[in-house]
Amino acid sequence: MALGAAGFDRKDVGLLLLATSTPDHLLPPTAPLVAHRLTLEKAGGVDLAGACAGFIHAMTFADGFMRLHNKPAIVIAANTLSRRINPAERASAVLSPMPRALWYSPHPAISPTASSALPLPPMDPLMA
């Protein structure tokens, strides 16, 4: 898994940011649920909506957090576009539903690490 490959203890992660315009549900927010599923015991979780710009907002948020708190942050960009696109329509069928995650560390020797696909399970109990 990407967290193990990054070489950090999960307890070191301070923040998980989820940039999505297609959350599984409005309440509760999805980021704290993802942080819980990833067993990030001391990490806060924040959902950021903003379509394509949401990822940039999340990276900027993570950068400020790490500079202030000197703790690693995880940024996940995940949109379930398959709920909103018509696969038969050529104009939208090329949009990728694959979630992506980046691990950022405030430590220059390690930051930034590689981006990798993270297998995110559905958060909606009806979908699980």
# chains A, B, ... in the order shown; residues from 1 in each chain; ligands from 1

call {"tool": "residues_around", "arguments": {"residues": "A:Phe61", "least_positions_apart": "3", "cutoff": "12 Å", "atoms": "only C-alpha atoms", "output": "ChimeraX atom specification"}}
result
/A:15-19,45-48,54-58,64-68,73-75,104

call {"tool": "write_last_selection", "arguments": {"atoms": "N, CA and C atoms", "output": "PDB file, in the first residue's frame"}}
result
ATOM      1  N   LEU A  15      -2.914  15.206   8.676  1.00  0.00           N
ATOM      2  CA  LEU A  15      -4.089  15.679   7.953  1.00  0.00           C
ATOM      3  C   LEU A  15      -4.323  14.857   6.704  1.00  0.00           C
ATOM      4  N   LEU A  16      -5.583  14.555   6.436  1.00  0.00           N
ATOM      5  CA  LEU A  16      -5.995  13.934   5.184  1.00  0.00           C
ATOM      6  C   LEU A  16      -6.982  14.881   4.517  1.00  0.00           C
ATOM      7  N   LEU A  17      -6.668  15.272   3.290  1.00  0.00           N
ATOM      8  CA  LEU A  17      -7.543  16.154   2.520  1.00  0.00           C
ATOM      9  C   LEU A  17      -8.120  15.361   1.354  1.00  0.00           C
ATOM     10  N   LEU A  18      -9.417  15.440   1.169  1.00  0.00           N
ATOM     11  CA  LEU A  18     -10.089  14.746   0.077  1.00  0.00           C
ATOM     12  C   LEU A  18     -10.718  15.780  -0.848  1.00  0.00           C
ATOM     13  N   ALA A  19     -10.146  15.908  -2.036  1.00  0.00           N
ATOM     14  CA  ALA A  19     -10.678  16.822  -3.040  1.00  0.00           C
ATOM     15  C   ALA A  19     -11.645  16.032  -3.921  1.00  0.00           C
ATOM     16  N   GLY A  45      -9.483  15.194   9.054  1.00  0.00           N
ATOM     17  CA  GLY A  45      -9.937  14.927   7.696  1.00  0.00           C
ATOM     18  C   GLY A  45     -10.835  16.045   7.215  1.00  0.00           C
ATOM     19  N   VAL A  46     -10.551  16.576   6.014  1.00  0.00           N
ATOM     20  CA  VAL A  46     -11.314  17.688   5.468  1.00  0.00           C
ATOM     21  C   VAL A  46     -11.676  17.384   4.012  1.00  0.00           C
ATOM     22  N   ASP A  47     -12.962  17.526   3.678  1.00  0.00           N
ATOM     23  CA  ASP A  47     -13.411  17.440   2.292  1.00  0.00           C
ATOM     24  C   ASP A  47     -13.269  18.809   1.651  1.00  0.00           C
ATOM     25  N   LEU A  48     -12.767  18.844   0.421  1.00  0.00           N
ATOM     26  CA  LEU A  48     -12.690  20.075  -0.346  1.00  0.00           C
ATOM     27  C   LEU A  48     -13.379  19.860  -1.687  1.00  0.00           C
ATOM     28  N   GLY A  54     -10.214  21.769  -7.113  1.00  0.00           N
ATOM     29  CA  GLY A  54     -10.198  21.241  -5.755  1.00  0.00           C
ATOM     30  C   GLY A  54      -8.868  20.608  -5.400  1.00  0.00           C
ATOM     31  N   PHE A  55      -8.223  19.951  -6.352  1.00  0.00           N
ATOM     32  CA  PHE A  55      -6.930  19.316  -6.103  1.00  0.00           C
ATOM     33  C   PHE A  55      -5.872  20.376  -5.800  1.00  0.00           C
ATOM     34  N   ILE A  56      -5.881  21.472  -6.544  1.00  0.00           N
ATOM     35  CA  ILE A  56      -4.930  22.559  -6.310  1.00  0.00           C
ATOM     36  C   ILE A  56      -5.189  23.187  -4.943  1.00  0.00           C
ATOM     37  N   HIS A  57      -6.467  23.394  -4.612  1.00  0.00           N
ATOM     38  CA  HIS A  57      -6.813  23.924  -3.293  1.00  0.00           C
ATOM     39  C   HIS A  57      -6.302  22.988  -2.193  1.00  0.00           C
ATOM     40  N   ALA A  58      -6.483  21.691  -2.377  1.00  0.00           N
ATOM     41  CA  ALA A  58      -6.046  20.711  -1.376  1.00  0.00           C
ATOM     42  C   ALA A  58      -4.527  20.718  -1.221  1.00  0.00           C
ATOM     43  N   GLY A  64       0.351  24.599   3.505  1.00  0.00           N
ATOM     44  CA  GLY A  64       0.241  25.480   4.662  1.00  0.00           C
ATOM     45  C   GLY A  64       0.200  24.709   5.966  1.00  0.00           C
ATOM     46  N   PHE A  65      -0.536  23.595   5.979  1.00  0.00           N
ATOM     47  CA  PHE A  65      -0.618  22.759   7.182  1.00  0.00           C
ATOM     48  C   PHE A  65       0.755  22.232   7.568  1.00  0.00           C
ATOM     49  N   MET A  66       1.489  21.720   6.579  1.00  0.00           N
ATOM     50  CA  MET A  66       2.797  21.129   6.874  1.00  0.00           C
ATOM     51  C   MET A  66       3.799  22.174   7.332  1.00  0.00           C
ATOM     52  N   ARG A  67       3.738  23.356   6.746  1.00  0.00           N
ATOM     53  CA  ARG A  67       4.657  24.417   7.170  1.00  0.00           C
ATOM     54  C   ARG A  67       4.359  24.855   8.607  1.00  0.00           C
ATOM     55  N   LEU A  68       3.091  24.872   8.967  1.00  0.00           N
ATOM     56  CA  LEU A  68       2.690  25.315  10.299  1.00  0.00           C
ATOM     57  C   LEU A  68       2.917  24.249  11.368  1.00  0.00           C
ATOM     58  N   ALA A  73       1.027  15.245   5.411  1.00  0.00           N
ATOM     59  CA  ALA A  73      -0.378  15.313   5.003  1.00  0.00           C
ATOM     60  C   ALA A  73      -0.585  14.427   3.795  1.00  0.00           C
ATOM     61  N   ILE A  74      -1.791  13.935   3.662  1.00  0.00           N
ATOM     62  CA  ILE A  74      -2.171  13.136   2.499  1.00  0.00           C
ATOM     63  C   ILE A  74      -3.229  13.913   1.726  1.00  0.00           C
ATOM     64  N   VAL A  75      -3.030  14.001   0.414  1.00  0.00           N
ATOM     65  CA  VAL A  75      -4.014  14.638  -0.463  1.00  0.00           C
ATOM     66  C   VAL A  75      -4.563  13.557  -1.381  1.00  0.00           C
ATOM     67  N   TYR A 104       2.491  13.864   1.144  1.00  0.00           N
ATOM     68  CA  TYR A 104       3.421  14.968   1.311  1.00  0.00           C
ATOM     69  C   TYR A 104       4.012  14.942   2.699  1.00  0.00           C
TER      70      TYR A 104
END

call {"tool": "select_by_dssp", "arguments": {"residues": "stretch 16-92 of chain A", "states": "helix (DSSP H, G or I)", "output": "JSON, numbers by chain"}}
result
{"A": [30, 31, 32, 33, 34, 35, 36, 37, 53, 54, 55, 56, 57, 58, 59, 60, 61, 62, 63, 64, 65, 66, 67, 68, 69, 81, 82, 83, 90, 91, 92]}

call {"tool": "atom_distance", "arguments": {"atom1": "atom CA of A:Thr60", "atom2": "atom CA of A:Ala78"}}
result
16.8 Å

call {"tool": "atom_distance", "arguments": {"atom1": "atom CA of A:Leu40", "atom2": "atom CA of A:Gly4"}}
result
12.3 Å

call {"tool": "closest_residue", "arguments": {"among": "A:Asp63, A:Leu27, A:Val34, A:Ser21", "to": "A:Ala49", "atoms": "only C-alpha atoms"}}
result
A:Ser21

call {"tool": "residues_around", "arguments": {"residues": "A:Thr22", "least_positions_apart": "3", "cutoff": "12 Å", "atoms": "only C-alpha atoms", "output": "list of chain:residue names"}}
result
A:Leu18, A:Ala19, A:His25, A:Leu26, A:Pro29, A:Thr30, A:Asp47, A:Leu48, A:Ala49, A:Gly50, A:Ala51, A:Cys52, A:Gly54, A:Ala77, A:Ala78, A:Asn79, A:Thr80, A:Leu81, A:Ser82, A:Arg83, A:Arg84, A:Ile85, A:Pro97, A:Pro99

call {"tool": "residues_around", "arguments": {"residues": "A:Lys42", "least_positions_apart": "2", "cutoff": "9 Å", "atoms": "only C-alpha atoms", "output": "JSON, numbers by chain"}}
result
{"A": [10, 11, 12, 13, 14, 15, 39, 40, 44]}

call {"tool": "write_last_selection", "arguments": {"atoms": "N, CA, C and O atoms", "output": "CSV table (one decimal), in the first residue's frame"}}
result
chain,number,residue,atom,x,y,z
A,10,ARG,N,1.7,5.6,10.5
A,10,ARG,CA,0.4,6.2,10.3
A,10,ARG,C,0.1,7.2,11.4
A,10,ARG,O,-0.6,8.2,11.1
A,11,LYS,N,0.7,7.1,12.5
A,11,LYS,CA,0.4,8.0,13.6
A,11,LYS,C,1.1,9.4,13.4
A,11,LYS,O,0.8,10.3,14.1
A,12,ASP,N,2.0,9.4,12.4
A,12,ASP,CA,2.7,10.7,12.1
A,12,ASP,C,1.9,11.6,11.2
A,12,ASP,O,2.1,12.8,11.2
A,13,VAL,N,0.9,11.0,10.5
A,13,VAL,CA,0.1,11.8,9.6
A,13,VAL,C,-0.8,12.8,10.4
A,13,VAL,O,-1.5,12.4,11.3
A,14,GLY,N,-0.7,14.0,10.0
A,14,GLY,CA,-1.5,15.1,10.7
A,14,GLY,C,-2.8,15.4,10.0
A,14,GLY,O,-3.7,15.9,10.6
A,15,LEU,N,-2.9,15.2,8.7
A,15,LEU,CA,-4.1,15.7,8.0
A,15,LEU,C,-4.3,14.9,6.7
A,15,LEU,O,-3.4,14.5,6.0
A,39,THR,N,-6.8,4.0,9.2
A,39,THR,CA,-6.3,3.9,10.5
A,39,THR,C,-5.3,5.1,10.8
A,39,THR,O,-4.2,4.8,11.4
A,40,LEU,N,-5.6,6.3,10.4
A,40,LEU,CA,-4.8,7.4,10.7
A,40,LEU,C,-5.3,8.0,12.0
A,40,LEU,O,-6.2,8.9,12.0
A,44,GLY,N,-6.6,14.7,11.1
A,44,GLY,CA,-7.8,15.4,10.8
A,44,GLY,C,-8.2,15.1,9.4
A,44,GLY,O,-7.4,14.7,8.6
